[in-house]
$ cat target_10.txt   # compact mmCIF, C-alpha atoms and all ligand atoms
# COMPACT_ATOMS: atom_id res chain seq x y z
CA MET A 215 -11.28 33.49 -20.04
CA ALA A 216 -10.42 34.04 -16.39
CA GLU A 217 -7.32 32.22 -15.16
CA VAL A 218 -8.06 29.51 -12.64
CA HIS A 219 -6.31 31.57 -9.95
CA ASP A 220 -8.45 34.64 -10.72
CA ARG A 221 -11.70 33.07 -9.61
CA PRO A 222 -13.32 35.04 -6.76
CA PRO A 223 -13.56 33.61 -3.22
CA GLU A 224 -16.37 31.15 -2.54
CA GLN A 225 -17.81 29.62 0.59
CA PHE A 226 -16.77 26.10 1.56
CA THR A 227 -18.18 24.22 4.52
CA LEU A 228 -15.77 21.94 6.33
CA ARG A 229 -17.02 19.14 8.58
CA VAL A 230 -14.07 18.39 10.85
CA ARG A 231 -13.67 15.33 13.05
CA ARG A 232 -12.72 16.55 16.51
CA PHE A 233 -11.24 14.63 19.41
CA ASN A 234 -9.48 15.78 22.54
CA PRO A 235 -8.35 12.93 24.78
CA GLU A 236 -7.91 15.34 27.70
CA THR A 237 -11.66 16.00 27.94
CA GLY A 238 -12.59 12.31 28.01
CA GLU A 239 -15.37 13.01 25.49
CA ALA A 240 -16.06 10.83 22.46
CA PRO A 241 -15.04 12.15 19.01
CA TYR A 242 -17.57 14.46 17.36
CA TRP A 243 -18.10 16.48 14.15
CA ASP A 244 -17.69 20.22 14.00
CA GLU A 245 -18.72 22.44 11.04
CA HIS A 246 -17.21 25.73 9.86
CA THR A 247 -17.78 27.72 6.68
CA VAL A 248 -14.73 29.44 5.25
CA GLU A 249 -14.34 31.81 2.31
CA LEU A 250 -11.43 31.32 -0.06
CA GLU A 251 -10.60 31.16 -3.76
CA PRO A 252 -11.53 27.69 -5.06
CA HIS A 253 -7.98 26.77 -6.04
CA ARG A 254 -6.82 27.19 -2.44
CA SER A 255 -6.01 24.08 -0.47
CA VAL A 256 -8.04 22.23 2.13
CA LEU A 257 -5.18 23.03 4.51
CA GLU A 258 -5.75 26.76 3.97
CA GLY A 259 -9.44 26.18 4.66
CA ILE A 260 -8.67 24.43 7.95
CA LEU A 261 -6.20 27.14 8.95
CA GLN A 262 -8.76 29.85 8.21
CA ALA A 263 -11.36 28.00 10.32
CA ARG A 264 -8.79 27.80 13.11
CA ASP A 265 -7.89 31.51 12.84
CA LYS A 266 -11.45 32.78 12.60
CA PHE A 267 -13.64 30.38 14.60
CA ASP A 268 -11.79 27.93 16.81
CA GLY A 269 -8.13 28.22 17.71
CA SER A 270 -8.15 24.74 19.24
CA ILE A 271 -8.40 22.77 15.97
CA GLY A 272 -5.39 20.47 15.87
CA ILE A 273 -3.61 19.94 12.51
CA ARG A 274 0.03 19.30 11.63
CA CYS A 275 1.61 21.14 8.72
CA SER A 276 4.89 22.67 7.72
CA CYS A 277 5.95 23.18 4.09
CA ARG A 278 2.46 23.66 2.54
CA GLN A 279 3.95 22.43 -0.73
CA ALA A 280 3.47 18.64 -0.62
CA ILE A 281 7.09 18.12 0.38
CA CYS A 282 7.31 17.55 4.13
CA GLY A 283 4.47 15.00 4.39
CA SER A 284 3.18 16.34 7.72
CA CYS A 285 -0.38 17.34 6.71
CA GLY A 286 -1.76 13.86 5.94
CA ILE A 287 -5.50 13.64 6.65
CA ARG A 288 -8.61 12.04 5.14
CA VAL A 289 -10.70 14.21 2.85
CA ASN A 290 -14.14 12.75 2.10
CA GLY A 291 -12.85 9.40 3.29
CA GLU A 292 -9.74 9.38 1.06
CA PRO A 293 -6.21 9.77 2.43
CA SER A 294 -4.83 13.07 1.14
CA LEU A 295 -2.27 15.77 1.76
CA ALA A 296 -4.33 18.73 3.02
CA CYS A 297 -1.96 21.19 1.33
CA HIS A 298 -2.19 19.35 -1.99
CA THR A 299 -5.98 19.06 -2.21
CA HIS A 300 -7.87 21.94 -3.79
CA LEU A 301 -11.05 23.12 -2.08
CA ASP A 302 -13.12 23.01 -5.31
CA ALA A 303 -12.04 19.44 -6.07
CA ALA A 304 -12.79 18.39 -2.49
CA LYS A 305 -16.24 19.98 -2.69
CA ARG A 306 -16.98 18.13 -5.94
CA SER A 307 -16.10 14.79 -4.38
CA ALA A 308 -18.11 15.48 -1.20
CA LYS A 309 -21.38 13.58 -0.80
CA ASP A 310 -23.51 16.57 0.22
CA GLY A 311 -21.28 19.48 -0.77
CA VAL A 312 -19.73 19.58 2.70
CA ILE A 313 -16.04 18.65 2.78
CA GLU A 314 -15.50 15.95 5.38
CA ILE A 315 -12.13 16.04 7.11
CA GLU A 316 -10.85 13.30 9.41
CA PRO A 317 -7.54 12.12 10.83
CA MET A 318 -5.70 9.31 9.02
CA GLY A 319 -6.60 5.71 9.80
CA ASN A 320 -4.59 2.84 11.33
CA MET A 321 -2.85 5.22 13.73
CA PRO A 322 -4.00 6.43 17.17
CA VAL A 323 -5.40 9.96 17.21
CA LEU A 324 -3.53 12.35 19.50
CA LYS A 325 -5.86 15.28 18.93
CA ASP A 326 -8.33 16.20 16.17
CA LEU A 327 -6.43 15.66 12.88
CA ILE A 328 -3.10 14.78 14.48
CA VAL A 329 -2.20 11.09 14.62
CA ASP A 330 0.59 9.36 16.49
CA MET A 331 3.07 8.67 13.68
CA ASP A 332 5.72 7.48 16.18
CA ALA A 333 3.53 4.70 17.53
CA VAL A 334 2.92 3.13 14.11
CA HIS A 335 4.56 4.65 11.06
CA TRP A 336 8.03 5.46 12.38
CA LYS A 337 8.18 2.31 14.47
CA LYS A 338 7.64 0.26 11.32
CA ILE A 339 10.18 2.27 9.35
CA GLN A 340 12.75 1.50 12.07
CA ARG A 341 11.88 -2.19 11.74
CA VAL A 342 13.36 -2.42 8.21
CA THR A 343 16.82 -0.99 9.07
CA PRO A 344 16.31 2.15 6.96
CA TRP A 345 19.93 2.88 6.20
CA LEU A 346 22.62 1.53 3.92
CA LEU A 347 24.66 -1.41 5.23
CA ALA A 348 27.64 -0.62 3.09
CA LYS A 349 29.67 -3.13 1.12
CA GLN A 350 33.19 -3.54 2.44
CA PRO A 351 35.79 -2.26 2.00
CA VAL A 352 34.27 1.19 1.93
CA PRO A 353 36.06 3.08 -0.86
CA GLU A 354 38.31 5.92 0.11
CA ARG A 355 36.18 8.28 -1.92
CA GLU A 356 32.64 7.65 -3.20
CA TYR A 357 31.13 4.38 -4.44
CA ILE A 358 30.89 4.37 -8.20
CA VAL A 359 27.62 2.80 -9.34
CA GLU A 360 26.06 2.47 -12.76
CA LYS A 361 23.42 5.13 -13.34
CA GLU A 362 20.95 2.44 -14.47
CA ALA A 363 21.46 0.54 -11.21
CA MET A 364 20.09 3.44 -9.19
CA VAL A 365 17.19 4.24 -11.48
CA ASP A 366 15.05 1.43 -10.10
CA VAL A 367 15.13 2.76 -6.52
CA THR A 368 14.28 6.34 -7.41
CA GLN A 369 10.55 5.63 -7.12
CA THR A 370 10.84 4.72 -3.43
CA MET A 371 13.05 7.76 -2.87
CA ALA A 372 10.07 9.93 -3.83
CA CYS A 373 8.32 8.93 -0.57
CA ILE A 374 7.70 11.88 1.76
CA GLN A 375 6.64 9.67 4.71
CA CYS A 376 3.18 11.20 4.93
CA GLY A 377 1.58 7.92 6.08
CA ALA A 378 -1.28 8.00 3.51
CA CYS A 379 -0.58 4.41 2.46
CA VAL A 380 -0.46 3.27 6.09
CA SER A 381 -3.76 5.02 6.70
CA ASP A 382 -5.52 3.04 3.98
CA CYS A 383 -3.79 -0.34 4.26
CA LEU A 384 -6.46 -3.02 4.61
CA ALA A 385 -3.96 -5.69 5.70
CA MET A 386 -2.86 -3.45 8.56
CA GLU A 387 -6.45 -2.92 9.58
CA VAL A 388 -6.80 -6.67 10.09
CA ASP A 389 -3.26 -7.24 11.35
CA PRO A 390 -1.81 -4.08 12.96
CA GLY A 391 1.52 -5.89 13.26
CA PHE A 392 1.97 -6.00 9.46
CA ILE A 393 5.15 -4.12 8.61
CA GLY A 394 3.07 -2.22 6.09
CA PRO A 395 3.42 -0.47 2.73
CA ALA A 396 5.53 2.56 3.69
CA ALA A 397 8.16 0.59 5.60
CA LEU A 398 8.36 -2.15 2.96
CA ALA A 399 8.75 0.45 0.20
CA LYS A 400 11.57 1.87 2.30
CA ALA A 401 13.06 -1.63 2.57
CA TYR A 402 13.14 -1.83 -1.24
CA ARG A 403 15.08 1.43 -1.27
CA PHE A 404 18.02 -0.49 0.23
CA VAL A 405 17.39 -3.97 -1.15
CA GLY A 406 17.58 -2.46 -4.64
CA ASP A 407 20.68 -0.39 -3.89
CA PRO A 408 23.82 -1.96 -5.38
CA ARG A 409 25.95 -0.49 -2.57
CA ASP A 410 24.07 -2.42 0.14
CA ASP A 411 25.80 -5.56 1.42
CA GLU A 412 22.84 -7.32 3.07
CA GLN A 413 20.32 -7.94 0.32
CA PHE A 414 19.85 -11.62 1.21
CA GLU A 415 19.71 -10.98 4.97
CA ARG A 416 17.16 -8.21 4.56
CA LEU A 417 14.96 -10.29 2.26
CA ASN A 418 15.23 -13.41 4.38
CA ASP A 419 14.23 -11.41 7.45
CA LEU A 420 11.22 -9.82 5.69
CA SER A 421 10.16 -13.17 4.19
CA GLN A 422 10.36 -15.20 7.39
CA ASP A 423 8.51 -12.56 9.42
CA PRO A 424 4.82 -13.63 9.50
CA GLN A 425 3.97 -9.93 9.24
CA GLY A 426 6.46 -9.26 6.46
CA ILE A 427 6.28 -9.19 2.67
CA PHE A 428 3.83 -12.09 2.39
CA ASP A 429 1.27 -10.41 4.66
CA CYS A 430 0.30 -7.97 1.87
CA THR A 431 -3.02 -8.89 0.26
CA HIS A 432 -2.65 -6.97 -3.05
CA CYS A 433 -5.61 -4.69 -2.36
CA PHE A 434 -4.02 -1.74 -4.24
CA LYS A 435 -5.25 0.75 -1.60
CA CYS A 436 -1.71 2.00 -0.89
CA VAL A 437 -1.12 2.53 -4.60
CA GLU A 438 -4.22 4.73 -4.87
CA ALA A 439 -3.50 6.56 -1.60
CA CYS A 440 0.09 7.61 -2.33
CA PRO A 441 0.26 11.29 -3.38
CA LYS A 442 3.75 10.79 -4.82
CA GLY A 443 3.30 7.76 -7.07
CA VAL A 444 5.60 5.58 -4.96
CA ASN A 445 3.47 2.47 -5.61
CA PRO A 446 4.28 0.75 -2.30
CA MET A 447 2.54 -2.48 -3.32
CA GLY A 448 4.72 -2.62 -6.44
CA GLN A 449 7.82 -2.35 -4.23
CA ILE A 450 6.54 -5.19 -2.04
CA MET A 451 6.09 -7.33 -5.16
CA ARG A 452 9.66 -6.49 -6.21
CA LEU A 453 10.91 -7.60 -2.79
CA ARG A 454 9.04 -10.88 -3.25
CA ARG A 455 10.40 -11.43 -6.76
CA ILE A 456 14.00 -10.90 -5.70
CA ALA A 457 13.55 -13.05 -2.58
CA ILE A 458 12.00 -15.92 -4.53
CA SER A 459 13.62 -15.78 -7.95
CA ASP A 460 17.12 -14.55 -7.11
CA HIS A 461 17.67 -15.92 -3.59
CA HIS A 462 15.28 -18.91 -3.66
CA ILE A 463 14.09 -18.07 -0.16
CA VAL A 464 11.40 -20.46 1.06
CA ASP A 465 9.65 -18.82 3.98
CA GLN A 466 8.11 -20.45 7.00
CA ASN A 467 4.80 -18.66 6.31
CA ASN A 468 4.17 -20.57 3.09
CA GLY A 469 4.12 -17.28 1.21
CA GLU A 470 6.51 -18.43 -1.51
CA ARG A 471 4.50 -21.61 -2.17
CA HIS A 472 1.20 -19.69 -2.05
CA GLU A 473 2.47 -17.29 -4.69
CA ALA A 474 3.72 -20.20 -6.83
CA ALA A 475 0.28 -21.84 -6.50
CA PHE A 476 -1.42 -18.72 -7.92
CA THR A 477 1.00 -18.71 -10.83
CA THR A 478 0.53 -22.36 -11.75
CA LEU A 479 -3.25 -22.16 -11.36
CA VAL A 480 -3.52 -19.26 -13.78
CA ARG A 481 -1.23 -21.13 -16.18
CA ASP A 482 -3.36 -24.29 -15.94
CA TYR A 483 -6.87 -22.79 -15.83
CA GLY A 484 -6.49 -19.25 -17.14
CA LEU A 485 -7.95 -17.97 -13.85
CA ASN A 486 -7.50 -18.61 -10.17
CA HIS A 487 -9.12 -21.82 -8.89
CA GLU A 488 -9.95 -21.31 -5.21
CA ALA A 489 -10.55 -24.98 -4.36
CA GLU A 490 -7.06 -25.95 -5.49
CA LEU A 491 -5.27 -22.90 -4.17
CA LEU A 492 -5.00 -24.21 -0.64
CA SER A 493 -3.79 -27.70 -1.54
CA ARG A 494 -1.25 -26.39 -4.07
CA SER A 495 -0.03 -23.81 -1.58
CA TYR A 496 0.93 -26.60 0.81
CA GLY A 497 1.55 -29.62 -1.36
CA GLY A 498 2.64 -28.15 -4.69
CA ASN A 499 1.19 -29.32 -7.99
CA SER A 500 1.04 -33.01 -7.15
CA TRP A 501 -2.27 -34.77 -6.53
CA PHE A 502 -0.93 -35.85 -3.12
CA GLY A 503 -0.62 -32.20 -2.22
CA LYS A 504 -4.31 -32.29 -1.42
CA LEU A 505 -3.54 -34.65 1.46
CA HIS A 506 -0.94 -32.39 3.07
CA PRO A 507 -1.89 -32.21 6.78
CA ALA A 508 -1.32 -28.43 6.97
CA ALA A 509 -3.72 -27.92 4.04
CA GLY A 510 -6.39 -29.98 5.84
CA LYS A 511 -5.88 -27.97 9.03
CA VAL A 512 -6.30 -24.62 7.25
CA LEU A 513 -9.27 -25.95 5.27
CA LEU A 514 -11.00 -26.99 8.49
CA ALA A 515 -10.32 -23.61 10.07
CA SER A 516 -11.72 -21.88 6.96
CA LEU A 517 -14.93 -23.92 6.82
CA PRO A 518 -17.10 -21.36 8.70
CA SER A 519 -16.05 -18.61 6.25
CA ILE A 520 -16.65 -20.90 3.26
CA VAL A 521 -20.13 -21.85 4.48
CA LYS A 522 -20.92 -18.19 5.17
CA ALA A 523 -19.79 -17.21 1.66
CA ILE A 524 -21.97 -19.93 0.08
CA VAL A 525 -25.03 -18.98 2.18
CA ARG A 526 -24.58 -15.32 1.21
CA ARG A 527 -24.16 -16.38 -2.44
CA LYS A 528 -20.74 -14.83 -2.68
CA ILE A 529 -19.44 -18.08 -4.14
CA HIS A 530 -21.22 -20.83 -6.04
CA PRO A 531 -20.30 -24.33 -4.77
CA LYS A 532 -19.86 -25.67 -8.33
CA LEU A 533 -17.61 -22.78 -9.30
CA ALA A 534 -15.63 -23.06 -6.08
CA LEU A 535 -15.08 -26.80 -6.53
CA PHE A 536 -14.50 -27.06 -10.26
CA GLY A 537 -13.19 -23.58 -11.03
CA HIS A 538 -13.83 -21.29 -13.98
CA ARG A 539 -13.55 -22.50 -17.52
CA ILE A 540 -12.33 -20.23 -20.26
CA ALA A 541 -12.32 -20.80 -24.02
CA ARG A 542 -9.56 -23.12 -25.22
CA HIS A 543 -7.98 -20.51 -27.49
CA ASP A 544 -7.91 -17.99 -24.62
CA LEU A 545 -6.19 -20.51 -22.39
CA ALA A 546 -3.68 -21.24 -25.14
CA ALA A 547 -2.98 -17.49 -25.43
CA ILE A 548 -2.32 -17.29 -21.67
CA GLN A 549 0.00 -20.27 -21.83
CA ARG A 550 1.92 -18.64 -24.66
CA ILE A 551 2.53 -15.65 -22.38
CA TYR A 552 3.95 -18.01 -19.74
CA ASP A 553 6.16 -19.71 -22.34
CA THR A 554 7.52 -16.37 -23.53
CA VAL A 555 8.22 -15.08 -20.04
CA GLU A 556 9.64 -18.33 -18.70
CA SER A 557 11.94 -18.85 -21.68
CA ARG A 558 13.77 -15.58 -20.98
CA PRO A 559 17.27 -16.18 -19.71
CA GLU A 560 16.89 -13.40 -17.13
CA ARG A 561 13.99 -11.78 -15.31
CA TYR A 562 13.17 -8.44 -16.88
CA GLU A 563 11.99 -5.70 -14.49
CA LEU A 564 10.38 -2.79 -16.24
CA ASN A 565 9.86 0.14 -13.93
CA LEU A 566 7.08 2.12 -15.61
CA TYR A 567 7.51 4.97 -13.14
CA VAL A 568 10.97 5.59 -14.49
CA VAL A 569 9.86 5.50 -18.12
CA GLY A 570 7.06 7.94 -17.30
CA GLU A 571 4.03 5.64 -17.46
CA ASP A 572 1.48 4.99 -14.74
CA GLU A 573 2.39 1.63 -13.25
CA THR A 574 -1.08 0.79 -12.03
FE1 LIG A 601 4.11 19.69 3.98
FE2 LIG A 601 1.52 19.36 3.34
S1 LIG A 601 2.39 20.77 4.74
S2 LIG A 601 3.20 18.16 2.78

$ encode --input "target_10.txt" --output "structure tokens" --more "lines below"
Ligand code: FES
Amino acid sequence: MAEVHDRPPEQFTLRVRRFNPETGEAPYWDEHTVELEPHRSVLEGILQARDKFDGSIGIRCSCRQAICGSCGIRVNGEPSLACHTHLDAAKRSAKDGVIEIEPMGNMPVLKDLIVDMDAVHWKKIQRVTPWLLAKQPVPEREYIVEKEAMVDVTQTMACIQCGACVSDCLAMEVDPGFIGPAALAKAYRFVGDPRDDEQFERLNDLSQDPQGIFDCTHCFKCVEACPKGVNPMGQIMRLRRIAISDHHIVDQNNGERHEAAFTTLVRDYGLNHEAELLSRSYGGNSWFGKLHPAAGKVLLASLPSIVKAIVRRKIHPKLALFGHRIARHDLAAIQRIYDTVESRPERYELNLYVVGEDET
């Protein structure tokens, strides 16, 4: 059987999104057919198109080995490293056999496939103080830390700053000011480092910021987008757990109470109960919580969306008001999980990345 690398060259058509701000023209699509062995990368395809047909195609690249993170683009709508995406795989996932190539999202396009990483990605990385604020006194030689203590941060260290998670972040699409998955994963790099002296300060800052850790909506897009398995959303959840459970930080954005409301609702009903989520988020578990003025204000502001969802049959009024019901024995099983977890003397963080399992 022929080795995968022995397969003869094939033709691949690339549909490339072009944009040159200097011409003042709107973005447009451009097609080129290249000939390469199927195991070659989309980056090699783009470079061949540039060499043979149009020297003006703009793309950033450097290492060509999925290390430097500079060749982030979208291939068939998915954020990818151009040098780490095989042409045959890209063709298989293309709608009409033509590989669609676009610049990453959530960042301004400078030219063709080149986005302005400084304006968004690097600015956000700077926001989280991406360096160690060392414990004092600094030892004369090196800090001695337990090996196990560093294991947990190794996942965030795998980040190559390609911006794929930023490109696909739905929260950032709605709120461009959100600090975002890459920068918050970077924040965990130092929050989780036993040599850092400002764990509380960092977490308090990221909790109180309305565009900080509680702005993430758990959509999992960053987890799927990351080519290095960094699991940015998982790091954001770790930041939240340490902020809430270890430092008891109560944020001005109601994020801590909102998260607690989800937890108690699932414990009480087995599933989320939308109608009670708002009142519990503001007033806790008490019946009077429903009368909390802030809850009423948010409810009023949400009414148009609620009515729209009912009209479009996305929610059923009865279900929204009274919640889901699950079988009694299933609810009891869920409550047993809570009892087991809550009776532990210490929180147990299992990093599946480190033990070699997929965390998603
Ligand atoms: Fe370096 Fe693709 S060129 S990651």

$ closest_residue --input "target_10.txt" --among "A:Phe428, A:Tyr242, A:Trp345, A:Tyr496" --to "Asp465 in chain A" --atoms "all atoms listed in the file"
A:Phe428

$ closest_atom_pairs --input "target_10.txt" --of "chain A" --to "ligand LIG 601 (chain A)" --cutoff "12 Å" --atoms "only C-alpha atoms and all ligand atoms" --output "Markdown table"
| residue | atom | partner | partner_atom | distance |
| --- | --- | --- | --- | --- |
| A:Ser255 | CA | A:LIG601 | FE2 | 9.7 |
| A:Val256 | CA | A:LIG601 | FE2 | 10.1 |
| A:Leu257 | CA | A:LIG601 | FE2 | 7.7 |
| A:Glu258 | CA | A:LIG601 | S1 | 10.1 |
| A:Leu261 | CA | A:LIG601 | S1 | 11.5 |
| A:Ile273 | CA | A:LIG601 | S1 | 9.9 |
| A:Arg274 | CA | A:LIG601 | S1 | 7.4 |
| A:Cys275 | CA | A:LIG601 | S1 | 4.1 |
| A:Ser276 | CA | A:LIG601 | S1 | 4.3 |
| A:Cys277 | CA | A:LIG601 | FE1 | 3.9 |
| A:Arg278 | CA | A:LIG601 | S1 | 3.6 |
| A:Gln279 | CA | A:LIG601 | FE1 | 5.5 |
| A:Ala280 | CA | A:LIG601 | S2 | 3.4 |
| A:Ile281 | CA | A:LIG601 | S2 | 4.6 |
| A:Cys282 | CA | A:LIG601 | FE1 | 3.9 |
| A:Gly283 | CA | A:LIG601 | S2 | 3.8 |
| A:Ser284 | CA | A:LIG601 | FE1 | 5.1 |
| A:Cys285 | CA | A:LIG601 | FE2 | 4.4 |
| A:Gly286 | CA | A:LIG601 | FE2 | 6.9 |
| A:Ile287 | CA | A:LIG601 | FE2 | 9.6 |
| A:Ser294 | CA | A:LIG601 | FE2 | 9.2 |
| A:Leu295 | CA | A:LIG601 | FE2 | 5.5 |
| A:Ala296 | CA | A:LIG601 | FE2 | 5.9 |
| A:Cys297 | CA | A:LIG601 | FE2 | 4.4 |
| A:His298 | CA | A:LIG601 | FE2 | 6.5 |
| A:Thr299 | CA | A:LIG601 | FE2 | 9.3 |
| A:Cys373 | CA | A:LIG601 | S2 | 11.1 |
| A:Ile374 | CA | A:LIG601 | S2 | 7.8 |
| A:Gln375 | CA | A:LIG601 | S2 | 9.4 |
| A:Cys376 | CA | A:LIG601 | S2 | 7.3 |
| A:Gly377 | CA | A:LIG601 | S2 | 10.9 |
| A:Ala378 | CA | A:LIG601 | S2 | 11.1 |
| A:Pro441 | CA | A:LIG601 | S2 | 9.7 |
| A:Lys442 | CA | A:LIG601 | S2 | 10.6 |

$ residues_around --input "target_10.txt" --residues "range 360-372 of chain A" --least-positions-apart "4" --cutoff "8 Å" --atoms "all atoms listed in the file" --output "list in words"
Ala399, Lys400, Tyr402, Arg403, Gly406, Asp407, Pro408, Lys442, Gly443, Val444, Asn445, Pro446, Gln449, Asn565, Tyr567 and Val568 of chain A

$ residues_near_point --input "target_10.txt" --point "(10.2, -4.4, 2.8)" --cutoff "9 Å" --atoms "all atoms listed in the file" --output "PDB file with C-alpha atoms, keeping the file's coordinate frame"
ATOM      1  CA  VAL A 342      13.360  -2.420   8.210  1.00  0.00           C
ATOM      2  CA  ILE A 393       5.150  -4.120   8.610  1.00  0.00           C
ATOM      3  CA  GLY A 394       3.070  -2.220   6.090  1.00  0.00           C
ATOM      4  CA  PRO A 395       3.420  -0.470   2.730  1.00  0.00           C
ATOM      5  CA  ALA A 396       5.530   2.560   3.690  1.00  0.00           C
ATOM      6  CA  ALA A 397       8.160   0.590   5.600  1.00  0.00           C
ATOM      7  CA  LEU A 398       8.360  -2.150   2.960  1.00  0.00           C
ATOM      8  CA  ALA A 399       8.750   0.450   0.200  1.00  0.00           C
ATOM      9  CA  LYS A 400      11.570   1.870   2.300  1.00  0.00           C
ATOM     10  CA  ALA A 401      13.060  -1.630   2.570  1.00  0.00           C
ATOM     11  CA  TYR A 402      13.140  -1.830  -1.240  1.00  0.00           C
ATOM     12  CA  ARG A 403      15.080   1.430  -1.270  1.00  0.00           C
ATOM     13  CA  VAL A 405      17.390  -3.970  -1.150  1.00  0.00           C
ATOM     14  CA  ARG A 416      17.160  -8.210   4.560  1.00  0.00           C
ATOM     15  CA  LEU A 417      14.960 -10.290   2.260  1.00  0.00           C
ATOM     16  CA  LEU A 420      11.220  -9.820   5.690  1.00  0.00           C
ATOM     17  CA  SER A 421      10.160 -13.170   4.190  1.00  0.00           C
ATOM     18  CA  GLY A 426       6.460  -9.260   6.460  1.00  0.00           C
ATOM     19  CA  ILE A 427       6.280  -9.190   2.670  1.00  0.00           C
ATOM     20  CA  GLN A 449       7.820  -2.350  -4.230  1.00  0.00           C
ATOM     21  CA  ILE A 450       6.540  -5.190  -2.040  1.00  0.00           C
ATOM     22  CA  LEU A 453      10.910  -7.600  -2.790  1.00  0.00           C
ATOM     23  CA  ARG A 454       9.040 -10.880  -3.250  1.00  0.00           C
TER      24      ARG A 454
END

$ atom_distance --input "target_10.txt" --atom1 "CA of Glu473 in chain A" --atom2 "CA of Asn486 in chain A"
11.5 Å

$ residues_around --input "target_10.txt" --residues "Asn234 in chain A" --least-positions-apart "6" --cutoff "10 Å" --atoms "only C-alpha atoms" --output "PDB file with C-alpha atoms, in the coordinates of the input"
ATOM      1  CA  ALA A 240     -16.060  10.830  22.460  1.00  0.00           C
ATOM      2  CA  PRO A 241     -15.040  12.150  19.010  1.00  0.00           C
ATOM      3  CA  TYR A 242     -17.570  14.460  17.360  1.00  0.00           C
ATOM      4  CA  SER A 270      -8.150  24.740  19.240  1.00  0.00           C
ATOM      5  CA  ILE A 271      -8.400  22.770  15.970  1.00  0.00           C
ATOM      6  CA  GLY A 272      -5.390  20.470  15.870  1.00  0.00           C
ATOM      7  CA  VAL A 323      -5.400   9.960  17.210  1.00  0.00           C
ATOM      8  CA  LEU A 324      -3.530  12.350  19.500  1.00  0.00           C
ATOM      9  CA  LYS A 325      -5.860  15.280  18.930  1.00  0.00           C
ATOM     10  CA  ASP A 326      -8.330  16.200  16.170  1.00  0.00           C
TER      11      ASP A 326
END

$ closest_residue --input "target_10.txt" --among "A:Met386, A:Leu250, A:Ala348, A:Ala457" --to "Phe404 in chain A" --atoms "only C-alpha atoms"
A:Ala348

$ atom_distance --input "target_10.txt" --atom1 "CA of Arg527 in chain A" --atom2 "CA of Cys433 in chain A"
21.9 Å
